[in-house]
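Asks: Mind looking over this structure? Questions follow.
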Amino acid sequence: MRQNENLVLIGSKVILVPYKEEHVLKYHEWMQSPFLQEMTASEPLSLDEEYAMQRSWHEDPKKCTFILLAPIDDKKGYETTNPLSITDIKKSSVMIGDVNIFLNDQDDDPTFGEIEIMIAEERYRRGGKGLEALKIMMAYAITELGLKTFHSKISLTNEPSIDLFTKKLGFYPVSTSQVFQETTLEWSCLPKCEKNSSSDENDEEEETYGAKATDEQRKMNQDMRDSLIELYNTKIRKEKWL
(Lines give C-alpha, C1' and ligand atoms only; values in the text may rest on other atoms or scores of the structure.)
Protein backbone atom coordinates (compact mmCIF):
# COMPACT_ATOMS: atom_id res chain seq x y z
CA MET A 1 0.00 0.00 0.00
CA ARG A 2 1.12 3.52 -0.73
CA GLN A 3 0.15 4.81 2.70
CA ASN A 4 3.33 3.40 4.25
CA GLU A 5 5.57 3.63 1.16
CA ASN A 6 8.10 5.93 2.85
CA LEU A 7 7.31 5.35 6.53
CA VAL A 8 9.95 4.07 8.94
CA LEU A 9 8.91 2.98 12.44
CA ILE A 10 11.79 2.72 14.89
CA GLY A 11 11.60 0.64 18.05
CA SER A 12 14.27 -0.37 20.54
CA LYS A 13 14.96 -3.82 19.03
CA VAL A 14 13.65 -3.65 15.47
CA ILE A 15 12.90 -1.12 12.77
CA LEU A 16 10.02 -1.44 10.32
CA VAL A 17 10.78 -0.08 6.85
CA PRO A 18 8.76 -0.12 3.62
CA TYR A 19 9.33 -3.07 1.28
CA LYS A 20 11.42 -1.62 -1.55
CA GLU A 21 13.03 -3.06 -4.66
CA GLU A 22 16.39 -3.10 -2.86
CA HIS A 23 15.00 -5.70 -0.43
CA VAL A 24 13.70 -8.17 -3.02
CA LEU A 25 16.90 -10.13 -3.65
CA LYS A 26 17.33 -11.01 0.03
CA TYR A 27 13.63 -11.78 0.39
CA HIS A 28 13.81 -14.09 -2.61
CA GLU A 29 16.78 -15.87 -1.03
CA TRP A 30 14.80 -16.44 2.16
CA MET A 31 11.83 -17.89 0.33
CA GLN A 32 13.88 -20.67 -1.24
CA SER A 33 13.89 -22.29 2.21
CA PRO A 34 11.45 -25.25 2.43
CA PHE A 35 11.06 -24.53 6.16
CA LEU A 36 9.96 -20.93 5.57
CA GLN A 37 7.72 -22.01 2.71
CA GLU A 38 5.98 -24.45 5.07
CA MET A 39 5.70 -21.98 7.97
CA THR A 40 4.27 -19.23 5.72
CA ALA A 41 2.20 -21.51 3.45
CA SER A 42 4.03 -20.02 0.47
CA GLU A 43 5.06 -21.28 -2.92
CA PRO A 44 8.53 -20.43 -4.31
CA LEU A 45 8.62 -17.69 -6.93
CA SER A 46 11.18 -16.85 -9.59
CA LEU A 47 13.19 -13.70 -9.00
CA ASP A 48 11.21 -11.88 -11.70
CA GLU A 49 7.98 -12.94 -10.04
CA GLU A 50 9.32 -11.72 -6.68
CA TYR A 51 10.02 -8.26 -8.14
CA ALA A 52 6.54 -8.21 -9.66
CA MET A 53 5.05 -9.18 -6.29
CA GLN A 54 6.89 -6.33 -4.55
CA ARG A 55 5.51 -3.85 -7.09
CA SER A 56 1.97 -5.19 -6.75
CA TRP A 57 2.08 -5.01 -2.95
CA HIS A 58 3.25 -1.42 -3.18
CA GLU A 59 0.19 -0.53 -5.26
CA ASP A 60 -2.40 -2.70 -3.47
CA PRO A 61 -4.39 -0.62 -0.92
CA LYS A 62 -5.30 -3.80 0.98
CA LYS A 63 -1.77 -5.07 1.61
CA CYS A 64 0.46 -3.38 4.16
CA THR A 65 3.96 -4.77 4.52
CA PHE A 66 7.13 -3.74 6.31
CA ILE A 67 10.59 -5.27 6.16
CA LEU A 68 12.17 -5.82 9.58
CA LEU A 69 15.66 -4.56 10.32
CA ALA A 70 17.76 -5.29 13.39
CA PRO A 71 21.28 -4.31 14.48
CA ILE A 72 23.99 -6.39 12.83
CA ASP A 73 25.17 -7.17 16.37
CA ASP A 74 22.06 -9.02 17.56
CA LYS A 75 22.97 -8.43 21.22
CA LYS A 76 22.49 -4.68 20.84
CA GLY A 77 19.42 -2.53 20.43
CA TYR A 78 18.81 0.85 18.85
CA GLU A 79 19.84 3.95 20.79
CA THR A 80 16.90 6.05 21.91
CA THR A 81 18.89 8.84 23.58
CA ASN A 82 21.13 9.46 20.57
CA PRO A 83 19.05 8.24 17.63
CA LEU A 84 20.72 7.17 14.40
CA SER A 85 19.97 8.77 11.05
CA ILE A 86 18.33 6.66 8.34
CA THR A 87 21.68 6.50 6.53
CA ASP A 88 23.38 5.17 9.68
CA ILE A 89 20.54 2.71 10.27
CA LYS A 90 21.04 1.26 6.79
CA LYS A 91 24.76 0.83 7.45
CA SER A 92 24.36 -0.78 10.88
CA SER A 93 21.31 -2.97 10.27
CA VAL A 94 20.47 -6.27 8.62
CA MET A 95 17.20 -7.57 7.17
CA ILE A 96 15.73 -10.23 9.45
CA GLY A 97 12.14 -10.72 8.24
CA ASP A 98 8.85 -9.03 7.49
CA VAL A 99 5.47 -8.25 9.00
CA ASN A 100 2.27 -7.90 6.98
CA ILE A 101 -1.39 -7.02 7.28
CA PHE A 102 -3.97 -7.99 4.69
CA LEU A 103 -7.25 -6.07 4.70
CA ASN A 104 -9.13 -9.07 3.41
CA ASP A 105 -12.49 -9.20 5.19
CA GLN A 106 -14.98 -10.93 2.87
CA ASP A 107 -17.53 -8.16 3.50
CA ASP A 108 -14.89 -5.41 3.18
CA ASP A 109 -14.97 -4.51 6.87
CA PRO A 110 -12.25 -1.80 7.00
CA THR A 111 -11.57 -2.47 10.70
CA PHE A 112 -10.40 -6.06 10.12
CA GLY A 113 -6.96 -7.29 9.08
CA GLU A 114 -5.04 -10.55 8.90
CA ILE A 115 -1.59 -10.16 10.42
CA GLU A 116 1.48 -12.32 9.91
CA ILE A 117 5.16 -12.17 10.76
CA MET A 118 8.27 -13.98 9.58
CA ILE A 119 11.65 -13.83 11.30
CA ALA A 120 13.65 -15.40 8.49
CA GLU A 121 17.10 -15.09 10.08
CA GLU A 122 17.27 -17.86 12.67
CA ARG A 123 19.74 -16.20 15.04
CA TYR A 124 17.34 -13.27 15.48
CA ARG A 125 14.48 -15.46 16.74
CA ARG A 126 13.35 -15.76 20.36
CA GLY A 127 14.98 -12.52 21.43
CA GLY A 128 11.90 -10.35 21.66
CA LYS A 129 12.26 -8.87 18.19
CA GLY A 130 9.20 -10.60 16.78
CA LEU A 131 7.08 -9.48 19.72
CA GLU A 132 8.17 -5.86 19.37
CA ALA A 133 7.59 -5.94 15.60
CA LEU A 134 4.05 -7.22 16.09
CA LYS A 135 3.28 -4.62 18.74
CA ILE A 136 4.54 -1.82 16.48
CA MET A 137 2.59 -3.17 13.51
CA MET A 138 -0.62 -3.55 15.53
CA ALA A 139 -0.13 -0.07 17.01
CA TYR A 140 0.31 1.38 13.53
CA ALA A 141 -2.75 -0.45 12.20
CA ILE A 142 -4.95 0.61 15.12
CA THR A 143 -3.80 4.22 15.09
CA GLU A 144 -3.36 4.93 11.37
CA LEU A 145 -5.56 2.36 9.61
CA GLY A 146 -8.41 2.15 12.12
CA LEU A 147 -8.22 -1.61 12.72
CA LYS A 148 -10.08 -3.15 15.65
CA THR A 149 -9.78 -6.86 14.92
CA PHE A 150 -6.84 -9.00 13.81
CA HIS A 151 -6.71 -12.62 12.71
CA SER A 152 -3.57 -14.67 12.33
CA LYS A 153 -3.42 -18.04 10.57
CA ILE A 154 -0.55 -20.16 11.86
CA SER A 155 0.64 -23.68 11.05
CA LEU A 156 -0.30 -26.17 13.76
CA THR A 157 3.35 -27.24 13.85
CA ASN A 158 4.56 -23.70 14.56
CA GLU A 159 4.14 -23.83 18.34
CA PRO A 160 6.56 -20.93 19.10
CA SER A 161 4.50 -18.59 16.92
CA ILE A 162 1.20 -19.77 18.42
CA ASP A 163 2.62 -19.16 21.90
CA LEU A 164 3.83 -15.70 20.88
CA PHE A 165 0.40 -14.63 19.69
CA THR A 166 -1.63 -16.22 22.49
CA LYS A 167 0.61 -15.80 25.55
CA LYS A 168 2.23 -12.46 24.73
CA LEU A 169 -0.43 -10.62 22.72
CA GLY A 170 -3.75 -11.98 23.95
CA PHE A 171 -4.92 -13.71 20.76
CA TYR A 172 -7.37 -16.59 21.24
CA PRO A 173 -8.31 -19.48 18.90
CA VAL A 174 -11.47 -19.18 16.82
CA SER A 175 -11.08 -22.09 14.38
CA THR A 176 -8.82 -24.91 13.23
CA SER A 177 -8.44 -26.31 9.72
CA GLN A 178 -7.28 -29.90 9.58
CA VAL A 179 -7.17 -29.66 5.78
CA PHE A 180 -4.67 -26.78 5.83
CA GLN A 181 -3.18 -27.84 9.17
CA GLU A 182 -3.49 -24.34 10.62
CA THR A 183 -5.20 -22.53 13.44
CA THR A 184 -6.87 -19.15 13.19
CA LEU A 185 -6.28 -16.85 16.16
CA GLU A 186 -8.16 -13.62 16.86
CA TRP A 187 -7.51 -10.37 18.71
CA SER A 188 -10.35 -7.87 18.94
CA CYS A 189 -11.03 -4.74 20.99
CA LEU A 190 -14.67 -4.62 19.93
CA PRO A 191 -17.18 -4.37 22.79
CA LYS A 192 -19.35 -7.33 23.68
CA CYS A 193 -22.26 -7.70 21.28
CA GLU A 194 -25.48 -7.85 23.29
CA LYS A 195 -27.95 -10.51 22.17
CA ASN A 196 -31.18 -9.18 20.71
CA SER A 197 -33.92 -9.93 23.25
CA SER A 198 -36.43 -10.50 20.45
CA SER A 199 -34.32 -13.22 18.79
CA ASP A 200 -35.01 -16.90 19.19
CA GLU A 201 -33.05 -18.15 22.20
CA ASN A 202 -32.31 -21.35 20.31
CA ASP A 203 -30.65 -19.49 17.45
CA GLU A 204 -26.88 -19.84 17.33
CA GLU A 205 -24.96 -16.69 18.21
CA GLU A 206 -23.97 -14.79 15.12
CA GLU A 207 -20.27 -15.22 14.44
CA THR A 208 -19.21 -11.60 14.75
CA TYR A 209 -15.64 -10.53 15.43
CA GLY A 210 -14.89 -10.79 19.12
CA ALA A 211 -17.85 -13.10 19.80
CA LYS A 212 -15.63 -15.95 21.02
CA ALA A 213 -13.62 -13.81 23.43
CA THR A 214 -14.23 -14.25 27.13
CA ASP A 215 -14.96 -11.16 29.20
CA GLU A 216 -11.42 -11.39 30.58
CA GLN A 217 -9.89 -11.63 27.10
CA ARG A 218 -12.02 -8.72 25.88
CA LYS A 219 -10.95 -6.52 28.80
CA MET A 220 -7.29 -7.46 28.30
CA ASN A 221 -7.44 -6.60 24.60
CA GLN A 222 -9.17 -3.28 25.24
CA ASP A 223 -6.43 -2.41 27.76
CA MET A 224 -3.77 -3.53 25.28
CA ARG A 225 -5.31 -1.30 22.59
CA ASP A 226 -4.80 1.69 24.86
CA SER A 227 -1.20 0.69 25.62
CA LEU A 228 -0.46 0.15 21.91
CA ILE A 229 -1.79 3.60 21.04
CA GLU A 230 0.39 5.08 23.79
CA LEU A 231 3.37 3.10 22.47
CA TYR A 232 2.82 4.40 18.95
CA ASN A 233 2.35 8.02 20.03
CA THR A 234 5.14 8.26 22.61
CA LYS A 235 7.76 5.54 22.08
CA ILE A 236 7.94 4.82 18.34
CA ARG A 237 10.07 7.20 16.31
CA LYS A 238 8.78 7.96 12.81
CA GLU A 239 11.09 8.80 9.95
CA LYS A 240 11.07 8.81 6.14
CA TRP A 241 12.87 6.18 4.10
CA LEU A 242 15.60 7.62 1.89
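Each chain in the C-alpha coordinates gets a letter, A, B and so on, in the order shown; residues start at 1 in every chain, and ligands are counted from 1 in the order they appear.
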Mind checking DSSP for stretch 19-233 of chain A and telling me the strand (DSSP E) residues as a PyMOL selection string?

Replies: chain A and resi 63-71+93-102+112-119+149-155+172-177+182-188

Asks: With a distance cut-off of 9 Å and only C-alpha atoms, select the neighbouring residues of stretch 120-131 of chain A, excluding the residue or stretch itself and same-chain residues fewer than 6 positions from it, and output the selection as an MDAnalysis selection string.

Replies: chainID A and resid 13:14 27 30:31 36 70 74:75 95:99 160 164:165 168:169

Asks: Please produce a file of the residues just selected, as a CSV table (one decimal), in the first residue's frame, where the atoms kept are N, CA, C and O atoms.

Replies:
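The result, stored in selection_36.csv:
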```csv
chain,number,residue,atom,x,y,z
A,13,LYS,N,14.3,-2.6,19.5
A,13,LYS,CA,15.0,-3.8,19.0
A,13,LYS,C,14.9,-4.0,17.5
A,13,LYS,O,15.8,-4.7,16.9
A,14,VAL,N,13.8,-3.5,16.9
A,14,VAL,CA,13.6,-3.6,15.5
A,14,VAL,C,13.2,-2.3,14.8
A,14,VAL,O,12.7,-1.4,15.5
A,27,TYR,N,14.9,-11.1,0.1
A,27,TYR,CA,13.6,-11.8,0.4
A,27,TYR,C,13.5,-13.0,-0.5
A,27,TYR,O,13.1,-14.1,0.0
A,30,TRP,N,15.5,-15.8,1.0
A,30,TRP,CA,14.8,-16.4,2.2
A,30,TRP,C,13.8,-17.5,1.7
A,30,TRP,O,13.7,-18.6,2.2
A,31,MET,N,13.0,-17.1,0.7
A,31,MET,CA,11.8,-17.9,0.3
A,31,MET,C,12.2,-19.1,-0.5
A,31,MET,O,11.3,-19.8,-0.9
A,36,LEU,N,10.7,-22.2,5.6
A,36,LEU,CA,10.0,-20.9,5.6
A,36,LEU,C,8.7,-21.0,4.7
A,36,LEU,O,7.7,-20.4,4.9
A,70,ALA,N,17.2,-5.2,12.0
A,70,ALA,CA,17.8,-5.3,13.4
A,70,ALA,C,19.2,-5.0,13.3
A,70,ALA,O,19.9,-5.0,12.3
A,74,ASP,N,23.4,-8.7,17.1
A,74,ASP,CA,22.1,-9.0,17.6
A,74,ASP,C,21.9,-8.9,19.1
A,74,ASP,O,20.9,-9.1,19.6
A,75,LYS,N,23.0,-8.6,19.8
A,75,LYS,CA,23.0,-8.4,21.2
A,75,LYS,C,22.7,-7.0,21.6
A,75,LYS,O,22.4,-6.7,22.7
A,95,MET,N,18.6,-7.1,7.3
A,95,MET,CA,17.2,-7.6,7.2
A,95,MET,C,17.0,-8.9,7.9
A,95,MET,O,17.9,-9.8,7.8
A,96,ILE,N,15.9,-9.0,8.7
A,96,ILE,CA,15.7,-10.2,9.4
A,96,ILE,C,14.4,-10.9,9.2
A,96,ILE,O,14.1,-12.0,9.5
A,97,GLY,N,13.5,-10.2,8.5
A,97,GLY,CA,12.1,-10.7,8.2
A,97,GLY,C,11.2,-9.7,7.7
A,97,GLY,O,11.6,-8.6,7.2
A,98,ASP,N,9.9,-10.0,7.9
A,98,ASP,CA,8.9,-9.0,7.5
A,98,ASP,C,7.6,-9.2,8.3
A,98,ASP,O,7.4,-10.2,9.0
A,99,VAL,N,6.8,-8.2,8.3
A,99,VAL,CA,5.5,-8.3,9.0
A,99,VAL,C,4.4,-7.6,8.1
A,99,VAL,O,4.7,-6.6,7.4
A,160,PRO,N,6.0,-22.2,18.6
A,160,PRO,CA,6.6,-20.9,19.1
A,160,PRO,C,5.7,-19.7,18.7
A,160,PRO,O,5.5,-18.8,19.4
A,164,LEU,N,3.6,-17.1,21.0
A,164,LEU,CA,3.8,-15.7,20.9
A,164,LEU,C,2.5,-14.9,20.8
A,164,LEU,O,2.3,-13.9,21.5
A,165,PHE,N,1.7,-15.4,19.9
A,165,PHE,CA,0.4,-14.6,19.7
A,165,PHE,C,-0.6,-14.8,20.9
A,165,PHE,O,-1.2,-13.8,21.3
A,168,LYS,N,1.6,-13.8,24.6
A,168,LYS,CA,2.2,-12.5,24.7
A,168,LYS,C,1.3,-11.3,24.2
A,168,LYS,O,1.5,-10.2,24.7
A,169,LEU,N,0.4,-11.7,23.3
A,169,LEU,CA,-0.4,-10.6,22.7
A,169,LEU,C,-1.9,-10.8,23.0
A,169,LEU,O,-2.7,-9.9,22.6
```

Asks: Taking only C-alpha atoms into account, name the residue in A:Glu239, A:Asp163, A:Glu230, A:Asp88 that is nearest to A:Ile136.

Replies: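 Using only C-alpha atoms, the shortest distance to A:Ile136 belongs to A:Glu230.
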
Asks: Give the answer as one residue: which of A:Leu69, A:Trp187, A:Leu45, A:Asn82 has the shortest atom-to-atom distance to A:Ser33, using only C-alpha atoms?

Replies: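 Once distances to A:Ser33 are computed over only C-alpha atoms, the minimum belongs to A:Leu45.
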
Asks: Skipping near chain neighbours, those fewer than 4 positions away, what residues fall within 7 Å of A:Lys62 using only C-alpha atoms, listed as a list in words?

Replies: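 After dropping sequence-adjacent residues, the list is Met1, Phe102, Leu103 and Asn104 of chain A.
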
Asks: Write the residues you've just listed into a file as a PDB file, in the first residue's frame, and include all heavy atoms for each of them.

Replies:
```pdb
ATOM      1  N   MET A   1       0.837  -1.182   0.000  1.00  0.00           N
ATOM      2  CA  MET A   1       0.000   0.000   0.000  1.00  0.00           C
ATOM      3  C   MET A   1       0.882   1.245   0.000  1.00  0.00           C
ATOM      4  O   MET A   1       1.980   1.251   0.547  1.00  0.00           O
ATOM      5  CB  MET A   1      -0.984  -0.037   1.173  1.00  0.00           C
ATOM      6  CG  MET A   1      -0.469   0.392   2.488  1.00  0.00           C
ATOM      7  SD  MET A   1      -1.681   0.561   3.853  1.00  0.00           S
ATOM      8  CE  MET A   1      -2.955  -0.633   3.547  1.00  0.00           C
ATOM      9  N   PHE A 102      -3.118  -7.911   5.864  1.00  0.00           N
ATOM     10  CA  PHE A 102      -3.973  -7.991   4.686  1.00  0.00           C
ATOM     11  C   PHE A 102      -5.374  -7.551   5.089  1.00  0.00           C
ATOM     12  O   PHE A 102      -5.971  -8.136   5.993  1.00  0.00           O
ATOM     13  CB  PHE A 102      -4.010  -9.422   4.141  1.00  0.00           C
ATOM     14  CG  PHE A 102      -2.654  -9.994   3.861  1.00  0.00           C
ATOM     15  CD1 PHE A 102      -2.079 -10.908   4.733  1.00  0.00           C
ATOM     16  CD2 PHE A 102      -1.939  -9.615   2.743  1.00  0.00           C
ATOM     17  CE1 PHE A 102      -0.817 -11.434   4.481  1.00  0.00           C
ATOM     18  CE2 PHE A 102      -0.673 -10.128   2.483  1.00  0.00           C
ATOM     19  CZ  PHE A 102      -0.116 -11.040   3.357  1.00  0.00           C
ATOM     20  N   LEU A 103      -5.894  -6.542   4.438  1.00  0.00           N
ATOM     21  CA  LEU A 103      -7.251  -6.067   4.703  1.00  0.00           C
ATOM     22  C   LEU A 103      -8.212  -6.873   3.833  1.00  0.00           C
ATOM     23  O   LEU A 103      -8.697  -6.413   2.805  1.00  0.00           O
ATOM     24  CB  LEU A 103      -7.341  -4.568   4.404  1.00  0.00           C
ATOM     25  CG  LEU A 103      -6.294  -3.688   5.109  1.00  0.00           C
ATOM     26  CD1 LEU A 103      -6.462  -2.227   4.709  1.00  0.00           C
ATOM     27  CD2 LEU A 103      -6.361  -3.851   6.615  1.00  0.00           C
ATOM     28  N   ASN A 104      -8.473  -8.099   4.278  1.00  0.00           N
ATOM     29  CA  ASN A 104      -9.131  -9.069   3.413  1.00  0.00           C
ATOM     30  C   ASN A 104     -10.461  -9.591   3.953  1.00  0.00           C
ATOM     31  O   ASN A 104     -10.853 -10.726   3.667  1.00  0.00           O
ATOM     32  CB  ASN A 104      -8.193 -10.243   3.138  1.00  0.00           C
ATOM     33  CG  ASN A 104      -7.729 -10.947   4.410  1.00  0.00           C
ATOM     34  OD1 ASN A 104      -8.137 -10.589   5.513  1.00  0.00           O
ATOM     35  ND2 ASN A 104      -6.897 -11.971   4.266  1.00  0.00           N
TER      36      ASN A 104
END
```

Asks: Could you tell me which of A:Ala139, A:Leu231, A:Arg55, A:Gly113 comes closest to A:Leu185 if we count only C-alpha atoms?

Replies: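 Using only C-alpha atoms, the shortest distance to A:Leu185 belongs to A:Gly113.
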
Asks: Considering only C-alpha atoms, give me a table of residues in stretch 24-114 of chain A that are at most 9 Å from stretch 149-152 of chain A, with the closest atom pair and distance in Å for each, as a tab-separated table.

Replies:
```
residue	atom	partner	partner_atom	distance
A:Ile101	CA	A:Phe150	CA	8.7
A:Thr111	CA	A:Thr149	CA	6.3
A:Phe112	CA	A:Thr149	CA	4.9
A:Gly113	CA	A:Phe150	CA	5.0
A:Glu114	CA	A:His151	CA	4.7
```

Asks: List the spatial neighbours of A:Thr166 as a PyMOL selection string - criterion: any atom at most 12 Å away, only C-alpha atoms, same-chain residues fewer than 4 positions off excluded.

Replies: chain A and resi 131+151-152+154+159-162+170-174+183-187+217+220-221

Asks: Using only C-alpha atoms for the distances, tell me which of A:Ile229, A:Arg2, A:His23, A:Lys212 is nearest to A:Glu144.

Replies: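 Ranked by minimum distance to A:Glu144, first place goes to A:Ile229.
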
Asks: Near A:Lys90, counting only C-alpha atoms, which residues have an atom at most 10 Å away, once you skip same-chain residues fewer than 3 positions from it, shown as a ChimeraX atom specification?

Replies: /A:69-71,84-87,93-95,241-242

Asks: Need to verify the contact set: A:Pro18, 7 Å, only C-alpha atoms, exclusion of same-chain residues closer than 3 positions in sequence. Can you return it as a PDB file with N, CA, C and O atoms, in the first residue's frame?

Replies:
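Written out: part.pdb:
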```pdb
ATOM      1  N   ASN A   4       2.100   3.566   3.463  1.00  0.00           N
ATOM      2  CA  ASN A   4       3.327   3.399   4.252  1.00  0.00           C
ATOM      3  C   ASN A   4       4.575   3.331   3.369  1.00  0.00           C
ATOM      4  O   ASN A   4       5.618   2.846   3.808  1.00  0.00           O
ATOM      5  N   GLU A   5       4.495   3.844   2.125  1.00  0.00           N
ATOM      6  CA  GLU A   5       5.571   3.631   1.161  1.00  0.00           C
ATOM      7  C   GLU A   5       6.893   4.293   1.544  1.00  0.00           C
ATOM      8  O   GLU A   5       7.950   3.881   1.062  1.00  0.00           O
ATOM      9  N   ASN A   6       6.857   5.296   2.418  1.00  0.00           N
ATOM     10  CA  ASN A   6       8.100   5.933   2.854  1.00  0.00           C
ATOM     11  C   ASN A   6       8.208   6.016   4.373  1.00  0.00           C
ATOM     12  O   ASN A   6       9.062   6.732   4.891  1.00  0.00           O
ATOM     13  N   LEU A   7       7.362   5.272   5.072  1.00  0.00           N
ATOM     14  CA  LEU A   7       7.313   5.351   6.526  1.00  0.00           C
ATOM     15  C   LEU A   7       8.289   4.372   7.173  1.00  0.00           C
ATOM     16  O   LEU A   7       8.337   3.204   6.824  1.00  0.00           O
ATOM     17  N   VAL A   8       9.046   4.888   8.141  1.00  0.00           N
ATOM     18  CA  VAL A   8       9.949   4.069   8.944  1.00  0.00           C
ATOM     19  C   VAL A   8       9.510   4.173  10.394  1.00  0.00           C
ATOM     20  O   VAL A   8       9.312   5.273  10.916  1.00  0.00           O
ATOM     21  N   THR A  65       2.813  -3.952   4.149  1.00  0.00           N
ATOM     22  CA  THR A  65       3.960  -4.773   4.521  1.00  0.00           C
ATOM     23  C   THR A  65       5.145  -3.901   4.910  1.00  0.00           C
ATOM     24  O   THR A  65       5.347  -2.811   4.360  1.00  0.00           O
ATOM     25  N   PHE A  66       5.879  -4.374   5.897  1.00  0.00           N
ATOM     26  CA  PHE A  66       7.128  -3.742   6.314  1.00  0.00           C
ATOM     27  C   PHE A  66       8.208  -4.812   6.359  1.00  0.00           C
ATOM     28  O   PHE A  66       7.956  -5.948   6.791  1.00  0.00           O
ATOM     29  N   ILE A  67       9.408  -4.451   5.947  1.00  0.00           N
ATOM     30  CA  ILE A  67      10.588  -5.273   6.162  1.00  0.00           C
ATOM     31  C   ILE A  67      11.117  -4.967   7.557  1.00  0.00           C
ATOM     32  O   ILE A  67      11.091  -3.815   8.012  1.00  0.00           O
TER      33      ILE A  67
END
```

Asks: May I have the residues within 6 Å of A:Asn100 as a PDB file with N, CA and C atoms, in the first residue's frame, using only C-alpha atoms and disregarding those fewer than 3 positions away in the same chain?

Replies:
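The new file part-v4.pdb reads:
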```pdb
ATOM      1  N   CYS A  64      -0.508  -4.235   3.469  1.00  0.00           N
ATOM      2  CA  CYS A  64       0.459  -3.378   4.155  1.00  0.00           C
ATOM      3  C   CYS A  64       1.618  -4.252   4.625  1.00  0.00           C
ATOM      4  N   THR A  65       2.813  -3.952   4.149  1.00  0.00           N
ATOM      5  CA  THR A  65       3.960  -4.773   4.521  1.00  0.00           C
ATOM      6  C   THR A  65       5.145  -3.901   4.910  1.00  0.00           C
ATOM      7  N   ILE A 115      -2.967 -10.535  10.142  1.00  0.00           N
ATOM      8  CA  ILE A 115      -1.588 -10.157  10.415  1.00  0.00           C
ATOM      9  C   ILE A 115      -0.692 -11.384  10.419  1.00  0.00           C
ATOM     10  N   GLU A 116       0.517 -11.227   9.911  1.00  0.00           N
ATOM     11  CA  GLU A 116       1.481 -12.320   9.910  1.00  0.00           C
ATOM     12  C   GLU A 116       2.881 -11.756  10.057  1.00  0.00           C
TER      13      GLU A 116
END
```
